[in-house]
file model01.cif (mmCIF, C-alpha atoms and all ligand atoms)
data_start
#
loop_
_atom_site.label_atom_id
_atom_site.label_comp_id
_atom_site.auth_asym_id
_atom_site.auth_seq_id
_atom_site.Cartn_x
_atom_site.Cartn_y
_atom_site.Cartn_z
CA MET A 3 118.48 111.76 84.33
CA ASN A 4 117.58 114.16 87.10
CA THR A 5 113.77 114.03 87.01
CA LEU A 6 113.45 116.56 89.82
CA SER A 7 115.26 119.51 88.24
CA HIS A 8 112.07 121.56 87.69
CA LEU A 9 110.96 120.89 91.23
CA ALA A 10 114.33 121.79 92.76
CA ALA A 11 114.25 125.17 91.02
CA PHE A 12 110.66 125.96 92.01
CA ASP A 13 110.14 124.32 95.41
CA PRO A 14 113.36 123.63 97.28
CA GLU A 15 111.51 122.57 100.45
CA ILE A 16 109.65 119.68 98.82
CA SER A 17 112.60 118.86 96.61
CA GLU A 18 114.86 118.62 99.65
CA ALA A 19 112.33 116.45 101.50
CA ILE A 20 112.32 114.03 98.57
CA ALA A 21 116.12 114.00 98.45
CA ASN A 22 116.23 113.32 102.19
CA GLU A 23 113.74 110.48 101.82
CA ASN A 24 115.84 109.12 98.98
CA ARG A 25 118.83 109.09 101.33
CA ARG A 26 116.80 107.57 104.18
CA GLN A 27 115.71 104.69 101.96
CA ALA A 28 119.23 104.21 100.62
CA GLU A 29 120.89 104.10 104.05
CA THR A 30 118.32 102.04 105.95
CA LEU A 31 116.65 98.69 105.39
CA THR A 32 112.90 98.58 104.75
CA LEU A 33 111.67 95.58 106.72
CA ILE A 34 107.99 96.59 106.70
CA ALA A 35 106.14 93.59 105.25
CA SER A 36 103.70 95.69 103.20
CA GLU A 37 106.32 97.89 101.54
CA ASN A 38 108.62 97.44 98.57
CA HIS A 39 110.80 99.38 96.13
CA THR A 40 109.12 99.66 92.74
CA TYR A 41 110.85 99.58 89.36
CA PRO A 42 112.36 102.62 87.60
CA GLU A 43 109.95 101.93 84.72
CA VAL A 44 107.01 102.31 87.13
CA LEU A 45 108.48 105.50 88.60
CA GLU A 46 108.55 106.87 85.04
CA THR A 47 104.90 105.99 84.33
CA ASN A 48 103.82 107.39 87.69
CA GLY A 49 105.57 110.68 86.97
CA SER A 50 104.28 110.88 83.39
CA ILE A 51 101.75 113.15 81.66
CA LEU A 52 99.13 110.42 82.06
CA THR A 53 98.29 112.12 85.36
CA ASP A 54 96.59 114.97 83.45
CA LYS A 55 93.45 113.30 82.20
CA TYR A 56 90.04 112.13 83.38
CA ALA A 57 88.93 108.73 82.11
CA GLU A 58 85.69 107.89 83.94
CA GLY A 59 84.19 104.71 82.58
CA TYR A 60 85.88 101.74 80.98
CA PRO A 61 87.65 101.19 77.62
CA GLY A 62 85.23 101.97 74.80
CA ARG A 63 82.67 103.42 77.27
CA ARG A 64 84.14 106.67 78.63
CA TYR A 65 82.48 109.93 79.57
CA TYR A 66 85.13 112.31 78.18
CA ALA A 67 86.82 112.63 74.79
CA GLY A 68 90.47 111.99 74.08
CA GLN A 69 90.64 108.43 75.40
CA ALA A 70 92.38 106.48 72.61
CA PHE A 71 95.60 105.89 74.52
CA TYR A 72 93.92 105.47 77.90
CA ASP A 73 91.72 102.72 76.45
CA GLN A 74 94.82 101.07 75.03
CA ILE A 75 96.67 101.27 78.36
CA GLU A 76 93.78 99.96 80.44
CA ARG A 77 93.07 97.06 78.05
CA ILE A 78 96.74 96.02 78.25
CA ALA A 79 96.71 96.22 82.06
CA VAL A 80 93.51 94.15 82.26
CA GLU A 81 94.77 91.43 79.90
CA ARG A 82 98.11 91.14 81.70
CA ALA A 83 96.41 90.96 85.10
CA LYS A 84 93.96 88.28 83.91
CA LYS A 85 96.80 86.21 82.47
CA LEU A 86 99.01 86.50 85.56
CA PHE A 87 96.24 85.41 87.95
CA ASN A 88 94.43 83.00 85.61
CA ALA A 89 91.29 85.13 86.01
CA GLU A 90 88.18 85.52 83.85
CA HIS A 91 87.85 89.24 84.58
CA ALA A 92 90.01 92.05 86.00
CA ASN A 93 89.33 95.59 87.17
CA VAL A 94 92.52 97.64 87.54
CA GLN A 95 90.96 100.95 88.59
CA PRO A 96 90.80 100.75 92.42
CA LEU A 97 92.82 103.64 93.79
CA SER A 98 94.23 101.50 96.59
CA GLY A 99 93.49 98.57 98.90
CA SER A 100 90.65 100.00 100.98
CA PRO A 101 88.46 101.24 98.08
CA MET A 102 89.25 97.96 96.30
CA ASN A 103 87.69 95.89 99.09
CA GLN A 104 84.84 98.36 99.62
CA ALA A 105 83.95 98.16 95.91
CA VAL A 106 83.64 94.37 96.19
CA TYR A 107 81.39 94.56 99.26
CA PHE A 108 79.14 97.21 97.72
CA GLY A 109 79.17 95.53 94.31
CA LEU A 110 78.19 92.05 95.49
CA LEU A 111 76.36 92.57 98.81
CA LYS A 112 73.69 94.70 100.45
CA PRO A 113 74.26 96.84 103.55
CA GLY A 114 73.60 94.69 106.60
CA ASP A 115 74.74 91.44 104.93
CA THR A 116 77.00 89.21 106.98
CA ILE A 117 80.66 88.75 106.06
CA LEU A 118 82.77 86.17 107.88
CA ALA A 119 86.37 87.44 107.97
CA MET A 120 89.60 87.19 109.94
CA ASP A 121 89.86 89.15 113.19
CA LEU A 122 92.16 92.19 112.90
CA THR A 123 93.99 91.29 116.10
CA HIS A 124 94.65 87.78 114.76
CA GLY A 125 96.18 89.03 111.51
CA GLY A 126 93.19 90.27 109.47
CA HIS A 127 92.93 93.76 107.94
CA LEU A 128 91.13 96.94 108.93
CA THR A 129 88.90 96.70 105.84
CA HIS A 130 87.84 93.20 106.88
CA GLY A 131 85.30 94.71 109.24
CA ALA A 132 87.27 96.11 112.15
CA PRO A 133 84.69 97.87 114.33
CA ALA A 134 86.49 101.21 113.86
CA SER A 135 86.12 101.06 110.06
CA HIS A 136 83.04 102.36 108.21
CA MET A 137 82.72 98.92 106.62
CA GLY A 138 82.35 97.44 110.10
CA LYS A 139 79.35 99.72 110.61
CA ILE A 140 77.69 99.10 107.22
CA PHE A 141 78.05 95.31 107.00
CA ASN A 142 77.60 92.73 109.73
CA PHE A 143 81.10 91.33 110.12
CA VAL A 144 81.63 88.17 112.13
CA ARG A 145 85.26 87.36 112.85
CA TYR A 146 87.17 84.08 112.98
CA ARG A 147 90.47 83.77 114.78
CA THR A 148 93.60 81.69 114.92
CA HIS A 149 94.03 78.58 117.02
CA GLY A 150 95.15 79.45 120.56
CA SER A 151 98.02 77.01 120.96
CA ARG A 152 99.10 76.41 117.32
CA GLY A 153 98.61 79.90 115.92
CA ASP A 154 97.19 78.79 112.56
CA ILE A 155 93.61 79.52 111.40
CA ASP A 156 91.08 77.55 113.44
CA PHE A 157 88.93 75.97 110.70
CA ASP A 158 86.63 74.34 113.25
CA GLU A 159 85.75 77.83 114.44
CA VAL A 160 85.41 79.13 110.86
CA ARG A 161 82.95 76.33 110.07
CA ASN A 162 80.98 76.71 113.30
CA LEU A 163 80.64 80.46 112.76
CA ALA A 164 79.63 79.93 109.13
CA ILE A 165 76.90 77.46 110.10
CA LYS A 166 75.67 79.74 112.89
CA HIS A 167 75.69 83.07 111.02
CA LYS A 168 75.09 81.97 107.39
CA PRO A 169 77.35 84.70 105.90
CA ALA A 170 76.68 86.06 102.44
CA MET A 171 80.46 86.10 101.96
CA LEU A 172 83.41 84.18 103.39
CA LEU A 173 86.52 86.37 103.24
CA CYS A 174 90.07 85.18 103.74
CA GLY A 175 93.27 87.20 103.63
CA HIS A 176 95.49 88.94 106.11
CA SER A 177 98.05 91.60 106.78
CA SER A 178 99.89 89.84 109.58
CA TYR A 179 99.63 86.06 109.24
CA PRO A 180 102.81 84.16 108.35
CA ARG A 181 101.21 80.99 106.96
CA GLU A 182 99.95 79.80 103.58
CA LEU A 183 96.13 79.68 103.34
CA ASP A 184 94.12 76.49 102.77
CA TYR A 185 91.77 77.86 100.09
CA ALA A 186 90.14 74.46 99.52
CA ALA A 187 89.10 74.35 103.19
CA PHE A 188 87.61 77.86 102.98
CA ARG A 189 85.82 76.92 99.77
CA ARG A 190 84.31 73.76 101.31
CA ILE A 191 82.90 75.76 104.22
CA ALA A 192 81.55 78.49 101.92
CA ASP A 193 79.86 75.89 99.71
CA GLU A 194 78.30 74.26 102.73
CA VAL A 195 76.51 77.50 103.71
CA GLY A 196 76.07 79.02 100.23
CA ALA A 197 78.49 81.94 100.75
CA LEU A 198 80.46 83.84 98.12
CA THR A 199 84.24 83.44 98.44
CA MET A 200 86.63 86.39 98.44
CA ALA A 201 90.39 86.29 99.02
CA ASP A 202 92.19 89.56 99.79
CA VAL A 203 95.75 88.59 98.88
CA SER A 204 97.13 92.13 99.03
CA HIS A 205 100.24 91.07 100.91
CA ILE A 206 101.01 88.02 98.80
CA GLY A 207 99.75 89.06 95.34
CA GLY A 208 103.28 88.99 93.96
CA LEU A 209 103.96 85.59 95.47
CA ILE A 210 100.81 84.20 93.82
CA GLY A 211 101.55 85.99 90.53
CA GLY A 212 105.12 84.69 90.73
CA GLY A 213 103.77 81.16 91.10
CA VAL A 214 105.28 80.39 94.51
CA LEU A 215 102.08 80.46 96.60
CA ALA A 216 98.67 78.95 95.81
CA ASN A 217 96.16 80.96 93.77
CA PRO A 218 92.66 81.10 95.32
CA LEU A 219 91.13 81.47 91.83
CA ASP A 220 92.52 78.02 91.00
CA HIS A 221 90.47 76.73 93.95
CA GLY A 222 87.24 78.18 92.56
CA PHE A 223 87.17 81.42 94.58
CA ASP A 224 84.72 83.98 93.22
CA VAL A 225 86.81 87.11 93.84
CA LEU A 226 90.46 87.95 94.49
CA THR A 227 91.67 91.40 95.50
CA THR A 228 95.26 92.55 95.70
CA THR A 229 97.11 95.78 96.13
CA THR A 230 99.79 96.33 93.52
CA HIS A 231 102.56 97.97 95.56
CA LYS A 232 103.51 95.22 98.01
CA THR A 233 105.01 91.94 96.78
CA LEU A 234 103.83 92.83 93.24
CA ARG A 235 106.35 95.72 93.23
CA GLY A 236 104.10 97.99 91.16
CA PRO A 237 102.70 101.47 91.80
CA ARG A 238 100.36 102.11 94.73
CA GLY A 239 96.98 100.77 93.64
CA GLY A 240 94.58 97.85 93.72
CA MET A 241 93.08 95.23 91.41
CA ILE A 242 89.98 93.05 91.59
CA LEU A 243 89.97 89.72 89.75
CA CYS A 244 86.85 87.62 89.57
CA ARG A 245 84.84 84.99 87.78
CA LYS A 246 82.86 86.20 84.78
CA PRO A 247 79.37 86.15 86.41
CA PHE A 248 80.55 88.83 88.86
CA ALA A 249 82.29 91.08 86.32
CA LYS A 250 79.48 93.59 85.80
CA ALA A 251 78.69 93.98 89.50
CA ILE A 252 82.38 94.43 90.33
CA ASP A 253 82.93 97.03 87.59
CA SER A 254 79.84 98.99 88.68
CA GLY A 255 80.96 98.64 92.29
CA VAL A 256 84.22 100.43 91.42
CA PHE A 257 82.79 103.00 88.98
CA PRO A 258 80.35 104.67 89.35
CA GLY A 259 79.63 102.97 92.68
CA LEU A 260 82.59 104.14 94.67
CA GLN A 261 85.12 106.08 92.61
CA GLY A 262 85.23 108.76 89.95
CA GLY A 263 88.06 109.06 87.45
CA PRO A 264 90.72 106.36 87.66
CA HIS A 265 94.35 107.41 88.10
CA MET A 266 95.56 106.43 84.66
CA HIS A 267 99.25 107.02 85.39
CA GLN A 268 98.77 104.40 88.09
CA VAL A 269 96.89 102.04 85.74
CA ALA A 270 99.80 102.35 83.28
CA GLY A 271 102.20 101.54 86.12
CA ILE A 272 100.12 98.46 86.96
CA ALA A 273 100.40 97.36 83.32
CA VAL A 274 104.20 97.70 83.52
CA ALA A 275 104.34 95.80 86.82
CA MET A 276 102.21 92.98 85.35
CA ARG A 277 104.67 92.69 82.45
CA LYS A 278 107.53 92.46 84.96
CA ALA A 279 105.63 89.92 87.06
CA ALA A 280 105.24 87.59 84.08
CA THR A 281 109.02 87.16 83.69
CA ALA A 282 111.31 84.38 84.90
CA GLU A 283 113.24 87.05 86.85
CA PHE A 284 110.12 87.87 88.83
CA ARG A 285 109.49 84.22 89.63
CA ALA A 286 113.07 84.01 90.94
CA TYR A 287 112.42 87.17 92.97
CA ALA A 288 109.25 85.66 94.49
CA GLU A 289 111.13 82.48 95.40
CA ARG A 290 113.88 84.55 96.99
CA VAL A 291 111.36 86.57 99.05
CA LEU A 292 110.15 83.29 100.60
CA ALA A 293 113.66 81.89 101.08
CA ASN A 294 114.79 85.13 102.71
CA ALA A 295 111.83 85.11 105.11
CA ARG A 296 112.65 81.52 106.08
CA ALA A 297 116.34 82.39 106.57
CA LEU A 298 115.48 85.41 108.69
CA ALA A 299 113.07 83.31 110.78
CA GLU A 300 115.76 80.67 111.31
CA GLY A 301 118.32 83.30 112.29
CA LEU A 302 115.97 84.85 114.85
CA THR A 303 114.77 81.53 116.24
CA ALA A 304 118.36 80.32 116.64
CA ARG A 305 118.97 83.38 118.84
CA GLY A 306 115.94 82.60 121.01
CA MET A 307 113.28 84.92 119.56
CA PRO A 308 109.77 83.41 119.68
CA LEU A 309 107.88 83.84 116.39
CA ILE A 310 104.09 83.74 116.01
CA THR A 311 103.19 80.28 114.61
CA GLY A 312 106.83 79.31 115.08
CA GLY A 313 108.06 80.50 111.67
CA THR A 314 106.85 81.54 108.24
CA GLU A 315 105.58 80.18 104.93
CA ASN A 316 105.28 83.55 103.21
CA HIS A 317 107.12 86.89 103.14
CA LEU A 318 106.55 87.96 106.75
CA LEU A 319 107.18 86.93 110.31
CA VAL A 320 106.04 88.32 113.64
CA MET A 321 108.46 88.48 116.56
CA ASP A 322 106.91 88.23 120.02
CA VAL A 323 109.40 90.61 121.61
CA ALA A 324 107.40 90.82 124.86
CA ALA A 325 107.57 87.04 125.36
CA TRP A 326 111.32 87.24 124.68
CA GLY A 327 111.63 89.72 127.56
CA TYR A 328 111.59 93.14 125.84
CA ASP A 329 109.13 95.81 127.05
CA ASP A 330 106.89 96.00 123.96
CA GLY A 331 106.79 96.22 120.17
CA ALA A 332 106.59 100.02 120.09
CA LYS A 333 109.81 100.40 122.02
CA ALA A 334 111.44 97.72 119.86
CA GLN A 335 110.28 99.47 116.65
CA ASN A 336 111.89 102.71 117.86
CA ALA A 337 115.12 101.00 118.86
CA PHE A 338 115.28 99.24 115.48
CA GLU A 339 114.71 102.52 113.65
CA GLN A 340 117.60 104.14 115.53
CA ALA A 341 119.73 101.42 113.98
CA GLY A 342 118.31 101.92 110.48
CA LEU A 343 116.10 98.82 110.63
CA VAL A 344 112.62 100.05 109.67
CA THR A 345 109.82 97.81 110.99
CA ASN A 346 106.34 98.14 112.48
CA LYS A 347 104.93 97.25 115.86
CA GLN A 348 102.26 94.58 115.66
CA LEU A 349 99.43 93.15 117.74
CA ILE A 350 99.76 89.42 118.25
CA PRO A 351 96.78 87.04 118.67
CA ASP A 352 95.10 87.59 122.05
CA ASP A 353 97.68 90.27 122.79
CA PRO A 354 97.72 91.10 126.50
CA LYS A 355 99.15 94.52 125.60
CA PRO A 356 97.32 97.56 124.09
CA PRO A 357 97.38 98.33 120.31
CA LEU A 358 99.85 101.23 120.58
CA ARG A 359 102.23 99.21 122.76
CA PRO A 360 101.62 95.69 121.43
CA SER A 361 103.75 92.60 122.06
CA GLY A 362 104.98 92.05 118.52
CA VAL A 363 107.04 93.45 115.68
CA ARG A 364 106.23 92.48 112.07
CA ILE A 365 109.12 91.95 109.65
CA GLY A 366 108.95 91.35 105.89
CA THR A 367 111.44 90.57 103.15
CA PRO A 368 109.95 92.02 99.90
CA ALA A 369 111.96 95.28 99.90
CA ILE A 370 115.33 93.88 100.98
CA THR A 371 114.90 91.14 98.36
CA SER A 372 114.29 93.81 95.70
CA ARG A 373 117.74 95.14 96.66
CA GLY A 374 119.22 91.72 95.86
CA MET A 375 119.91 90.44 99.36
CA GLY A 376 120.12 86.71 100.15
CA ASP A 377 120.90 84.16 102.89
CA ALA A 378 124.11 85.76 104.15
CA GLU A 379 122.43 89.15 104.55
CA MET A 380 119.43 87.57 106.31
CA ALA A 381 121.78 86.03 108.88
CA GLN A 382 123.43 89.42 109.34
CA ILE A 383 120.07 91.21 109.73
CA ALA A 384 118.82 88.64 112.26
CA GLY A 385 122.01 89.29 114.24
CA LEU A 386 121.53 93.06 114.02
CA LEU A 387 117.90 92.86 115.20
CA MET A 388 118.86 90.76 118.20
CA THR A 389 121.87 92.95 119.03
CA VAL A 390 119.55 95.97 119.19
CA LEU A 391 117.12 94.18 121.51
CA GLU A 392 120.01 93.04 123.69
CA GLY A 393 120.92 96.69 124.19
CA GLY A 394 123.82 96.99 121.75
CA ASP A 395 125.03 100.44 120.67
CA ALA A 396 122.50 101.82 118.15
CA GLU A 397 125.09 103.93 116.31
CA VAL A 398 127.41 100.95 115.83
CA ALA A 399 124.46 98.92 114.49
CA ALA A 400 123.38 101.84 112.25
CA GLU A 401 126.91 102.02 110.81
CA GLU A 402 126.78 98.29 109.99
CA VAL A 403 123.32 98.76 108.41
CA ARG A 404 124.57 101.69 106.29
CA ALA A 405 127.51 99.62 105.09
CA LEU A 406 125.23 96.69 104.23
CA ALA A 407 122.70 98.96 102.49
CA ALA A 408 125.47 100.58 100.44
CA GLN A 409 126.40 97.18 99.01
CA PHE A 410 122.81 96.74 97.77
CA PRO A 411 121.64 100.00 96.18
CA ILE A 412 117.91 100.27 95.47
CA PRO A 413 117.42 99.54 91.74
CA GLY A 414 116.44 102.65 89.82
CA HIS A 415 116.78 105.15 92.63
CA GLU A 416 118.69 108.23 91.65
CA PRO A 417 122.16 108.38 93.16
CA ARG A 418 121.36 111.75 94.74
CA ALA A 419 121.26 110.35 98.23
CA ALA A 420 124.44 111.88 99.54
CA GLU A 421 123.99 115.29 97.93
CA SER A 422 121.71 116.83 100.50
CA ARG A 423 123.64 115.81 103.59
N1 LIG B 1 99.18 99.04 105.77
C1 LIG B 1 99.17 97.76 105.11
C2 LIG B 1 99.84 96.72 105.93
O1 LIG B 1 100.81 97.07 106.54
O2 LIG B 1 99.45 95.57 105.96
C3 LIG B 1 97.85 97.30 104.65
O3 LIG B 1 96.88 98.27 104.74
#
call {"tool": "encode", "arguments": {"input": "model01.cif", "output": "structure tokens", "more": "lines below"}}
Ligand code: DSN
result
Amino acid sequence: MNTLSHLAAFDPEISEAIANENRRQAETLTLIASENHTYPEVLETNGSILTDKYAEGYPGRRYYAGQAFYDQIERIAVERAKKLFNAEHANVQPLSGSPMNQAVYFGLLKPGDTILAMDLTHGGHLTHGAPASHMGKIFNFVRYRTHGSRGDIDFDEVRNLAIKHKPAMLLCGHSSYPRELDYAAFRRIADEVGALTMADVSHIGGLIGGGVLANPLDHGFDVLTTTTHKTLRGPRGGMILCRKPFAKAIDSGVFPGLQGGPHMHQVAGIAVAMRKAATAEFRAYAERVLANARALAEGLTARGMPLITGGTENHLLVMDVAAWGYDDGAKAQNAFEQAGLVTNKQLIPDDPKPPLRPSGVRIGTPAITSRGMGDAEMAQIAGLLMTVLEGGDAEVAAEEVRALAAQFPIPGHEPRAAESR
């Protein structure tokens, strides 16, 4: 099926850009830890007629007529999300990760309240109160960091800060931290100071849903947020899962608090992704994501690359290319891209270098695992990454990447890649 035939006839410029992007994805390897390749079934829902309609409100309580099938779709998505995460309540309307977290803050807290969260430069996220974000101006964020010599979260510091600042909320979660989280330790500290507990598991939602990493809700957390397009492999979007007493405040925090009409094509895609995530195949996928990250870490370490925290327990790892002897992460990112290895530069804890030329490069395995790659390919990719840093010929490396990528086509992508060359 060529789903773009109408577009090609009407708007060749956009059509060609999509075809070129299709080819770029096919011929390169996506190693960005927050990206993935979604399912063909989700691509179909995202491109469906569900995009046409407004559905402000919630099932059974909408503001416009014509909602029978939207109510049905949203109820299915909510039930599947609750089941997957063992949650008492789910809201599947957040348009993406940032509004998802903002809706929780506004739903449960008052402006000026204190939130204790992970420092952005130590692996936290922009929406966890980075000074440059609006949230950092509206709420009083206090930031905990990782342990200087070990690299893992410094729970002594978390506890000391909690006792000193008495936060209304203790927030854990990260976008660049390669270790499993000790939710029980966070919970103990929150209980000690009477704080709400929130886990933003956007990066690892699929690994929790797939049962291979711990679920904060099983440790009594009040709220869990996750984007749906990373390890969960769904459409771009976000979900909030919480305990029942917070359900009303969370729902009002999303709508009408922050958003208008939900994107119902996206909600339908989330429902489809939740159905996928409940299968044995998805559990095997989640296990493979972890195994691939470990294999990649071993391959890089064996070739002398220092990794932040010395390795990984999740889907990502952070190479300290500056400590290895390379100029910086920005230059490494560019060199990798020349070879078809698509990564992102990354600040490391206490980075002596500036944000646009940081010391690190972050690498993740969700997308290459979706293509079906395993141990042998991880060893090959580790070798390719190091060859690039050692100054090997980028075109030779790119040829090897194209050959590897061709053996593992992206499931569900149209085989139009070569047409527009
Ligand atoms: N941009 C995503 C990440 O890379 O972690 C999250 O916002």
call {"tool": "closest_atom_pairs", "arguments": {"input": "model01.cif", "of": "range 50-162 of chain A", "to": "range 349-371 of chain A", "cutoff": "12 Å", "atoms": "all atoms listed in the file", "output": "tab-separated table"}}
result
residue	atom	partner	partner_atom	distance
A:Met120	CA	A:Pro351	CA	11.3
A:Asp121	CA	A:Pro351	CA	9.1
A:Leu122	CA	A:Leu349	CA	8.8
A:Thr123	CA	A:Pro351	CA	5.7
A:His124	CA	A:Pro351	CA	4.5
A:Gly125	CA	A:Pro351	CA	7.5
A:Gly126	CA	A:Pro351	CA	10.4
A:His127	CA	A:Leu349	CA	11.8
A:Tyr146	CA	A:Pro351	CA	11.6
A:Arg147	CA	A:Pro351	CA	8.1
A:Thr148	CA	A:Pro351	CA	7.3
A:His149	CA	A:Pro351	CA	9.0
A:Gly150	CA	A:Pro351	CA	8.0
A:Ser151	CA	A:Pro351	CA	10.4
A:Arg152	CA	A:Pro351	CA	11.0
A:Gly153	CA	A:Pro351	CA	7.9
A:Asp154	CA	A:Pro351	CA	10.3
A:Ile155	CA	A:Pro351	CA	10.9
call {"tool": "residues_near_ligand", "arguments": {"input": "model01.cif", "ligand": "ligand LIG 1 (chain B)", "cutoff": "10 Å", "atoms": "only C-alpha atoms and all ligand atoms", "output": "list of chain:residue names"}}
result
A:Ile34, A:Ala35, A:Ser36, A:Glu37, A:Ser98, A:Gly99, A:Ser100, A:Gly125, A:Gly126, A:His127, A:Leu128, A:Thr129, A:His176, A:Ser177, A:Ser178, A:Ser204, A:His205, A:Thr229, A:Lys232, A:Asn346, A:Gln348, A:Arg364, A:Gly366
call {"tool": "residues_near_point", "arguments": {"input": "model01.cif", "point": "(89.4, 79.5, 93.7)", "cutoff": "9 Å", "atoms": "all atoms listed in the file", "output": "ChimeraX atom specification"}}
result
/A:185-186,189,199-201,217-226
call {"tool": "residues_around", "arguments": {"input": "model01.cif", "residues": "Ala334 in chain A", "least_positions_apart": "6", "cutoff": "8 Å", "atoms": "all atoms listed in the file", "output": "JSON, numbers by chain"}}
result
{"A": [323, 328, 347, 363, 391]}
call {"tool": "closest_residue", "arguments": {"input": "model01.cif", "among": "A:Leu86, A:Thr227, A:Glu81, A:Gln340", "to": "Leu243 in chain A", "atoms": "all atoms listed in the file"}}
result
A:Thr227
call {"tool": "residues_around", "arguments": {"input": "model01.cif", "residues": "range 56-72 of chain A", "least_positions_apart": "5", "cutoff": "8 Å", "atoms": "all atoms listed in the file", "output": "list in words"}}
result
Arg77, Phe257, Pro258, Gly262, Gly263, Pro264, His265 and Met266 of chain A
call {"tool": "axis_aligned_box", "arguments": {"input": "model01.cif", "around": "range 207-218 of chain A", "padding_each_side": "8 Å", "output": "JSON"}}
result
{"center_x": 99.0, "center_y": 84.0, "center_z": 93.6, "size_x": 28.6, "size_y": 26.1, "size_z": 22.1}
call {"tool": "atom_distance", "arguments": {"input": "model01.cif", "atom1": "CA of Val390 in chain A", "atom2": "CA of Val320 in chain A"}}
result
16.5 Å
call {"tool": "closest_residue", "arguments": {"input": "model01.cif", "among": "A:Ala83, A:Leu302, A:Leu118, A:Ala251", "to": "Gly207 in chain A", "atoms": "all atoms listed in the file"}}
result
A:Ala83
